[in-house]
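Quick look at work_23.cif (mmCIF, C-alpha atoms):
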```
data_data
#
loop_
_atom_site.label_atom_id
_atom_site.label_comp_id
_atom_site.auth_asym_id
_atom_site.auth_seq_id
_atom_site.Cartn_x
_atom_site.Cartn_y
_atom_site.Cartn_z
CA MET A 680 16.51 -1.42 -5.01
CA SER A 681 19.62 -3.17 -3.69
CA LYS A 682 21.87 -0.79 -5.68
CA LEU A 683 20.73 2.19 -3.62
CA SER A 684 21.92 3.18 -0.17
CA ASP A 685 19.51 3.01 2.76
CA LEU A 686 18.95 6.78 2.66
CA GLU A 687 18.37 6.73 -1.12
CA ASN A 688 15.82 3.92 -0.72
CA CYS A 689 14.03 6.04 1.89
CA ALA A 690 13.94 9.01 -0.51
CA ILE A 691 12.35 6.92 -3.29
CA GLY A 692 9.81 5.58 -0.80
CA ALA A 693 8.89 9.11 0.32
CA ILE A 694 8.38 10.20 -3.30
CA CYS A 695 6.15 7.19 -3.99
CA GLY A 696 4.10 7.74 -0.84
CA THR A 697 3.52 11.44 -1.44
CA ALA A 698 2.59 10.94 -5.12
CA ASP A 699 0.20 8.09 -4.30
CA THR A 700 -1.63 10.01 -1.57
CA THR A 701 -1.88 13.26 -3.50
CA LEU A 702 -3.26 11.64 -6.65
CA LEU A 703 -5.45 8.93 -5.11
CA GLN A 704 -6.64 10.17 -1.69
CA SER A 705 -10.29 10.25 -2.81
CA THR A 706 -10.28 6.54 -3.71
CA ASN A 707 -8.86 5.77 -0.27
CA TYR A 708 -11.74 7.62 1.39
CA TRP A 709 -14.37 5.90 -0.78
CA LYS A 710 -12.84 2.50 0.02
CA ASN A 711 -12.81 3.19 3.77
CA ALA A 712 -16.35 4.57 3.66
CA SER A 713 -17.64 1.50 1.84
CA GLN A 714 -15.99 -0.83 4.35
CA GLN A 715 -17.53 1.05 7.29
CA ARG A 716 -20.93 1.64 5.62
CA LEU A 717 -20.46 5.41 5.63
CA PRO A 718 -22.29 7.58 3.04
CA PHE A 719 -20.71 8.26 -0.38
CA THR A 720 -19.61 11.86 -0.96
CA MET A 721 -17.88 13.96 -3.62
CA ASN A 722 -17.15 16.82 -1.20
CA PRO A 723 -13.38 17.55 -1.46
CA ALA A 724 -13.34 18.83 2.13
CA VAL A 725 -14.43 15.36 3.25
CA LEU A 726 -12.47 13.37 0.69
CA TYR A 727 -9.20 15.05 1.67
CA ARG A 728 -9.92 15.03 5.39
CA GLY A 729 -6.96 13.27 6.97
CA TYR A 730 -4.76 14.06 3.95
CA PRO A 731 -1.74 15.31 6.00
CA ALA A 732 -1.90 12.20 8.19
CA ASN A 733 -2.17 10.02 5.11
CA VAL A 734 0.83 11.73 3.46
CA LEU A 735 2.83 11.04 6.62
CA ASN A 736 1.44 7.51 6.76
CA ASN A 737 2.15 6.66 3.12
CA GLY A 738 5.44 8.53 3.09
CA PHE A 739 6.84 6.90 6.22
CA CYS A 740 5.28 3.54 5.32
CA LEU A 741 6.83 3.43 1.85
CA MET A 742 10.12 4.82 3.16
CA THR A 743 10.19 1.91 5.61
CA GLN A 744 9.20 -0.59 2.93
CA PHE A 745 11.83 0.54 0.42
CA TYR A 746 14.43 0.66 3.19
CA LEU A 747 13.58 -2.85 4.48
CA ASN A 748 13.31 -4.20 0.94
CA GLY A 749 16.79 -2.88 0.15
CA VAL A 750 18.21 -4.39 3.36
CA MET A 751 16.59 -7.75 2.71
CA LYS A 752 17.72 -7.85 -0.92
CA LYS A 753 21.31 -7.17 0.14
CA MET A 754 21.08 -9.93 2.76
CA LEU A 755 19.66 -12.40 0.23
CA ALA A 756 22.36 -11.51 -2.30
CA GLY A 757 24.98 -12.27 0.35
CA GLY A 758 27.18 -9.38 -0.71
CA GLU A 759 27.29 -10.57 -4.31
CA ASP A 760 26.45 -8.32 -7.25
CA ARG A 761 23.80 -10.59 -8.79
CA PRO A 762 20.14 -10.38 -9.80
CA LEU A 763 17.76 -11.92 -7.30
CA SER A 764 15.49 -14.80 -8.21
CA ALA A 765 11.76 -14.22 -8.56
CA ALA A 766 11.13 -15.94 -5.21
CA GLU A 767 13.75 -13.74 -3.51
CA GLN A 768 12.23 -10.54 -4.92
CA ILE A 769 8.70 -11.52 -3.86
CA GLY A 770 9.87 -12.73 -0.45
CA SER A 771 11.84 -9.57 0.30
CA GLY A 772 8.81 -7.49 -0.70
CA PHE A 773 6.55 -9.45 1.65
CA GLY A 774 9.00 -9.10 4.54
CA ALA A 775 9.38 -5.37 3.94
CA GLY A 776 5.61 -4.86 3.96
CA LEU A 777 5.08 -6.97 7.05
CA GLY A 778 7.71 -5.06 9.00
CA SER A 779 6.32 -1.68 7.95
CA GLY A 780 3.11 -2.31 9.91
CA ILE A 781 4.81 -1.01 13.05
CA VAL A 782 5.26 2.40 11.38
CA CYS A 783 2.03 2.50 9.37
CA GLY A 784 -0.40 1.30 12.05
CA PRO A 785 -0.60 4.35 14.35
CA LEU A 786 -0.53 6.85 11.46
CA GLU A 787 -3.30 5.05 9.57
CA LEU A 788 -5.33 4.92 12.78
CA ILE A 789 -5.10 8.73 13.02
CA MET A 790 -6.22 9.09 9.38
CA ILE A 791 -9.21 6.73 9.85
CA GLN A 792 -10.32 8.60 12.96
CA GLN A 793 -9.95 11.95 11.18
CA GLN A 794 -12.06 10.70 8.28
CA ARG A 795 -14.79 9.63 10.68
CA LYS A 796 -14.72 12.44 13.23
CA GLY A 797 -12.56 15.29 11.91
CA GLY A 798 -9.95 17.07 14.02
CA SER A 799 -6.25 17.84 13.52
CA ILE A 800 -3.41 15.34 13.49
CA LEU A 801 -2.21 16.62 16.84
CA SER A 802 -5.58 16.55 18.61
CA VAL A 803 -6.57 13.13 17.26
CA GLY A 804 -3.12 11.68 17.92
CA THR A 805 -3.12 13.02 21.47
CA ASP A 806 -6.56 11.55 22.19
CA LEU A 807 -5.50 8.17 20.82
CA ALA A 808 -2.25 8.19 22.80
CA ARG A 809 -4.24 8.65 25.99
CA GLY A 810 -5.86 5.30 25.28
CA GLY A 811 -2.53 3.53 25.66
CA PRO A 812 -0.79 0.86 23.59
CA SER A 813 -3.93 -1.23 23.05
CA ILE A 814 -5.51 1.68 21.15
CA VAL A 815 -2.39 2.93 19.35
CA THR A 816 -1.60 -0.56 18.01
CA ARG A 817 -5.20 -1.41 17.13
CA GLY A 818 -5.41 -3.28 13.83
CA MET A 819 -1.62 -3.34 13.41
CA LEU A 820 -1.29 -7.08 12.74
CA ALA A 821 -3.93 -7.01 10.00
CA LEU A 822 -2.26 -3.95 8.52
CA GLY A 823 1.13 -5.70 8.49
CA LEU A 824 -0.38 -8.68 6.66
CA ARG A 825 -2.07 -6.36 4.15
CA GLU A 826 1.16 -4.49 3.47
CA GLY A 827 3.15 -7.71 3.21
CA ILE A 828 0.90 -9.04 0.45
CA TYR A 829 0.73 -5.64 -1.24
CA CYS A 830 4.51 -5.16 -1.25
CA ALA A 831 5.06 -8.69 -2.52
CA GLY A 832 2.92 -7.54 -5.46
CA PHE A 833 4.51 -4.24 -6.41
CA MET A 834 8.08 -4.97 -5.25
CA GLY A 835 8.17 -8.58 -6.41
CA ILE A 836 5.50 -9.85 -8.79
CA LEU A 837 5.25 -6.71 -10.95
CA PRO A 838 8.97 -6.24 -11.74
CA VAL A 839 9.39 -10.00 -12.28
CA VAL A 840 6.47 -10.13 -14.73
CA ARG A 841 7.56 -6.87 -16.42
CA GLN A 842 11.04 -8.25 -17.04
CA TYR A 843 9.64 -11.56 -18.31
CA ILE A 844 7.38 -9.76 -20.80
CA ARG A 845 10.21 -7.56 -22.05
CA GLU A 846 12.54 -10.52 -22.52
CA ASN A 847 10.05 -12.93 -24.11
CA TYR A 848 7.40 -10.78 -25.79
CA SER A 849 9.31 -7.73 -27.03
CA HIS A 850 7.87 -8.36 -30.51
CA THR A 851 4.28 -7.87 -29.25
CA VAL A 852 2.32 -4.79 -28.27
CA PHE A 853 2.71 -5.82 -24.61
CA GLY A 854 6.51 -5.89 -24.62
CA ARG A 855 7.57 -3.28 -27.13
CA SER A 856 8.46 -0.74 -24.40
CA ASP A 857 9.04 -0.63 -20.65
CA ASP A 858 5.74 1.18 -20.10
CA SER A 859 3.70 -1.29 -22.17
CA ALA A 860 5.31 -4.20 -20.29
CA ARG A 861 4.73 -2.37 -17.01
CA LEU A 862 1.04 -1.86 -17.85
CA ALA A 863 0.64 -5.53 -18.79
CA ALA A 864 2.40 -6.60 -15.57
CA THR A 865 0.10 -4.31 -13.59
CA PHE A 866 -2.88 -6.34 -14.82
CA VAL A 867 -1.22 -9.40 -13.29
CA ALA A 868 0.17 -7.99 -10.03
CA GLY A 869 -2.68 -5.55 -9.33
CA PRO A 870 -5.56 -8.04 -8.96
CA ILE A 871 -3.41 -10.58 -7.09
CA CYS A 872 -2.23 -8.19 -4.38
CA SER A 873 -5.57 -6.33 -4.21
CA PHE A 874 -7.85 -9.35 -3.79
CA ALA A 875 -5.48 -11.25 -1.50
CA SER A 876 -4.76 -8.29 0.80
CA HIS A 877 -8.30 -6.88 1.00
CA PRO A 878 -9.79 -9.07 3.78
CA PRO A 879 -7.13 -8.05 6.34
CA ASP A 880 -7.56 -4.44 5.16
CA THR A 881 -11.32 -4.59 5.75
CA VAL A 882 -10.84 -6.05 9.25
CA LYS A 883 -8.19 -3.43 10.00
CA THR A 884 -10.34 -0.53 8.79
CA CYS A 885 -13.38 -1.63 10.82
CA MET A 886 -11.29 -2.12 13.95
CA GLN A 887 -9.57 1.26 13.62
CA GLY A 888 -12.85 3.02 12.87
CA ASP A 889 -14.40 1.56 16.02
CA ILE A 890 -11.85 2.28 18.74
CA GLU A 891 -14.71 2.22 21.26
CA GLN A 892 -15.15 -1.48 20.32
CA ALA A 893 -18.91 -1.11 20.11
CA ARG A 894 -19.08 -3.70 17.29
CA PHE A 895 -15.53 -4.68 16.39
CA LYS A 896 -13.23 -6.02 19.10
CA GLY A 897 -10.50 -8.50 18.14
CA TYR A 898 -9.36 -9.73 14.72
CA GLY A 899 -11.30 -12.99 14.64
CA GLN A 900 -14.41 -11.44 16.20
CA SER A 901 -14.36 -8.55 13.70
CA ALA A 902 -14.08 -10.92 10.75
CA GLY A 903 -16.92 -12.98 12.23
CA VAL A 904 -19.18 -9.91 12.54
CA LEU A 905 -18.57 -8.96 8.91
CA VAL A 906 -19.23 -12.50 7.62
CA ALA A 907 -22.37 -12.81 9.78
CA GLU A 908 -23.72 -9.54 8.35
CA GLY A 909 -22.94 -10.04 4.67
CA GLY A 910 -21.34 -13.43 4.14
CA PHE A 911 -17.75 -13.84 2.99
CA PRO A 912 -18.14 -11.14 0.30
CA ALA A 913 -18.34 -8.60 3.15
CA LEU A 914 -14.58 -9.07 3.62
CA TRP A 915 -14.14 -7.57 0.14
CA ARG A 916 -16.28 -4.45 0.71
CA GLY A 917 -14.81 -1.48 -1.11
CA ILE A 918 -12.68 -3.68 -3.40
CA PRO A 919 -13.54 -1.74 -6.62
CA TRP A 920 -12.04 1.46 -5.17
CA ARG A 921 -8.96 -0.34 -3.84
CA LEU A 922 -8.50 -2.29 -7.06
CA PHE A 923 -8.55 0.93 -9.09
CA ARG A 924 -6.21 2.64 -6.66
CA GLN A 925 -3.73 -0.21 -6.59
CA PHE A 926 -3.69 -0.54 -10.37
CA CYS A 927 -2.62 3.09 -10.51
CA ALA A 928 -0.30 2.87 -7.50
CA VAL A 929 1.68 -0.24 -8.48
CA PHE A 930 2.21 1.19 -11.98
CA LEU A 931 3.34 4.49 -10.45
CA PHE A 932 5.68 2.87 -7.89
CA ASP A 933 7.34 0.64 -10.46
CA LYS A 934 7.84 3.58 -12.85
CA ILE A 935 9.38 5.72 -10.09
CA SER A 936 11.63 2.84 -8.99
CA ALA A 937 12.74 1.97 -12.53
CA GLU A 938 13.00 5.43 -14.11
CA VAL A 939 13.10 8.19 -11.47
CA ALA A 940 15.61 6.50 -9.15
CA PRO A 941 18.36 6.23 -11.85
CA LYS A 942 17.90 9.92 -12.68
CA LEU A 943 18.09 11.02 -9.04
CA PHE A 944 20.92 8.68 -8.09
CA PRO A 945 22.83 7.88 -11.34
CA HIS A 946 25.96 6.82 -9.44
CA ALA A 947 24.11 3.74 -8.15
CA PHE A 948 23.21 2.48 -11.63
CA LYS A 949 26.57 2.76 -13.42
#
```
Go ahead and render the structure in this file as structure tokens.
Amino acid sequence: MSKLSDLENCAIGAICGTADTTLLQSTNYWKNASQQRLPFTMNPAVLYRGYPANVLNNGFCLMTQFYLNGVMKKMLAGGEDRPLSAAEQIGSGFGAGLGSGIVCGPLELIMIQQQRKGGSILSVGTDLARGGPSIVTRGMLALGLREGIYCAGFMGILPVVRQYIRENYSHTVFGRSDDSARLAATFVAGPICSFASHPPDTVKTCMQGDIEQARFKGYGQSAGVLVAEGGFPALWRGIPWRLFRQFCAVFLFDKISAEVAPKLFPHAFK
């Protein structure tokens, strides 16, 4: 997104975040519930509990990621109008995701607490703020690592693979159109970023769900508790829901970036 201004990158990020949350909020709840051993439910009032906080979280998080990704791409290009290498695209995506943890952490903490206990954004946020920085930043490092891997997937791996398929396999069913190449690339980028980023996500979710630190304290201790209870597979609890969500999300984000952005900001793509 190096062709867009900082503000335009933020706008695309906000669109992606709002669309993702609105369409896929239920899968986010089911994933979080599985990680924390909470009961499964189909009740919309429960599934969409924390929805406003999650819209803010995803919106601000993706705004930050698209903004940082644009900044990093411009830095890597060194002021030149040139396509970035695959390594540069993946690296800028990872850096953007890692940096976004500062914005995403507190908002995702509010959403997790709402899903567990209910309450409004204001009341839950106020209660958490009273706990001080150690509570507000709880799980932030794991979240930054998760987002770094995730963004490397949808901002780097997916567009690189999509372009490769279009250029080399345009004569096949996988490369005959942008959407078919995008779908094929999703089957590459989706599993990579989902499986690689899920352990830090599980640790983060358990830590943010247990702000009282009854079972989960620090990062290493939390991972140790999960492995002791269910072996290493416990770090991938809830992966089917996250895998499904990220398949949909990375396809959606790439389509918005590649097709919606030029329509909203045509001057940047001339």
Query raised in the report: Of the candidates A:Ala712, A:Met819, A:Ile789, A:Ala724, which shows the shortest atom-to-atom distance to Thr805 (chain A), using all atoms listed in the file?
Result: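 That would be A:Ile789, the residue with the smallest distance to Thr805 (chain A).
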Query raised in the report: Which distance in Å separates CA of Phe930 (chain A) and CA of Val750 (chain A), to one decimal?
Result: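 Computed distance, CA of Phe930 (chain A) to CA of Val750 (chain A), equals 22.9 Å.
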Report task. Could you tell me which of A:Thr743, A:Ser799, A:Gln794, A:Thr881 comes closest to Cys695 (chain A) if we count all atoms listed in the file? Result -> A:Thr743
Query raised in the report: For Ile769 (chain A), which residue out of A:Ala868, A:Tyr746, A:Gly729, A:Gln715 is the nearest one, using only C-alpha atoms?
Result: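 Of A:Ala868, A:Tyr746, A:Gly729, A:Gln715, the one nearest Ile769 (chain A), counting only C-alpha atoms, is A:Ala868.
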Neighbours of point (-4.9, -8.6, 4.4) within 9 Å, using all atoms listed in the file, written as an mmCIF file with C-alpha atoms, in the frame of the given file:
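What follows is the written file result_4.cif:
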```cif
data_model
loop_
_atom_site.group_PDB
_atom_site.id
_atom_site.type_symbol
_atom_site.label_atom_id
_atom_site.label_comp_id
_atom_site.auth_asym_id
_atom_site.auth_seq_id
_atom_site.Cartn_x
_atom_site.Cartn_y
_atom_site.Cartn_z
ATOM 1 C CA ALA A 821 -3.930 -7.010 10.000
ATOM 2 C CA LEU A 822 -2.260 -3.950 8.520
ATOM 3 C CA GLY A 823 1.130 -5.700 8.490
ATOM 4 C CA LEU A 824 -0.380 -8.680 6.660
ATOM 5 C CA ARG A 825 -2.070 -6.360 4.150
ATOM 6 C CA GLU A 826 1.160 -4.490 3.470
ATOM 7 C CA GLY A 827 3.150 -7.710 3.210
ATOM 8 C CA ILE A 828 0.900 -9.040 0.450
ATOM 9 C CA TYR A 829 0.730 -5.640 -1.240
ATOM 10 C CA SER A 873 -5.570 -6.330 -4.210
ATOM 11 C CA PHE A 874 -7.850 -9.350 -3.790
ATOM 12 C CA ALA A 875 -5.480 -11.250 -1.500
ATOM 13 C CA SER A 876 -4.760 -8.290 0.800
ATOM 14 C CA HIS A 877 -8.300 -6.880 1.000
ATOM 15 C CA PRO A 878 -9.790 -9.070 3.780
ATOM 16 C CA PRO A 879 -7.130 -8.050 6.340
ATOM 17 C CA ASP A 880 -7.560 -4.440 5.160
ATOM 18 C CA THR A 881 -11.320 -4.590 5.750
ATOM 19 C CA VAL A 882 -10.840 -6.050 9.250
ATOM 20 C CA LYS A 883 -8.190 -3.430 10.000
#
```
Query raised in the report: Hey, what comes out of the PyMOL selection byres ((chain A and resi 730-737) around 9) on this file? Could you write it as a PyMOL selection string?
Result: chain A and resi 692-693+695-701+704+726-729+738-742+782-787+789-790+793+799-800
Requested in this report: Select, from A:Met721, A:Ile935, A:Ile781, A:Ala808, the residue with the minimum atom-to-atom distance to Ile890 (chain A), counting only C-alpha atoms.
Outcome: A:Ala808
Requested in this report: Apply the PyMOL selection byres ((chain A and resi 899) around 12) to the displayed file and report the matching residues as a ChimeraX atom specification.
Outcome: /A:818,820-821,878-879,882-883,886,895-898,900-906
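Picture a line from CA of Thr865 (chain A) to CA of Lys942 (chain A); it runs 22.8 Å.
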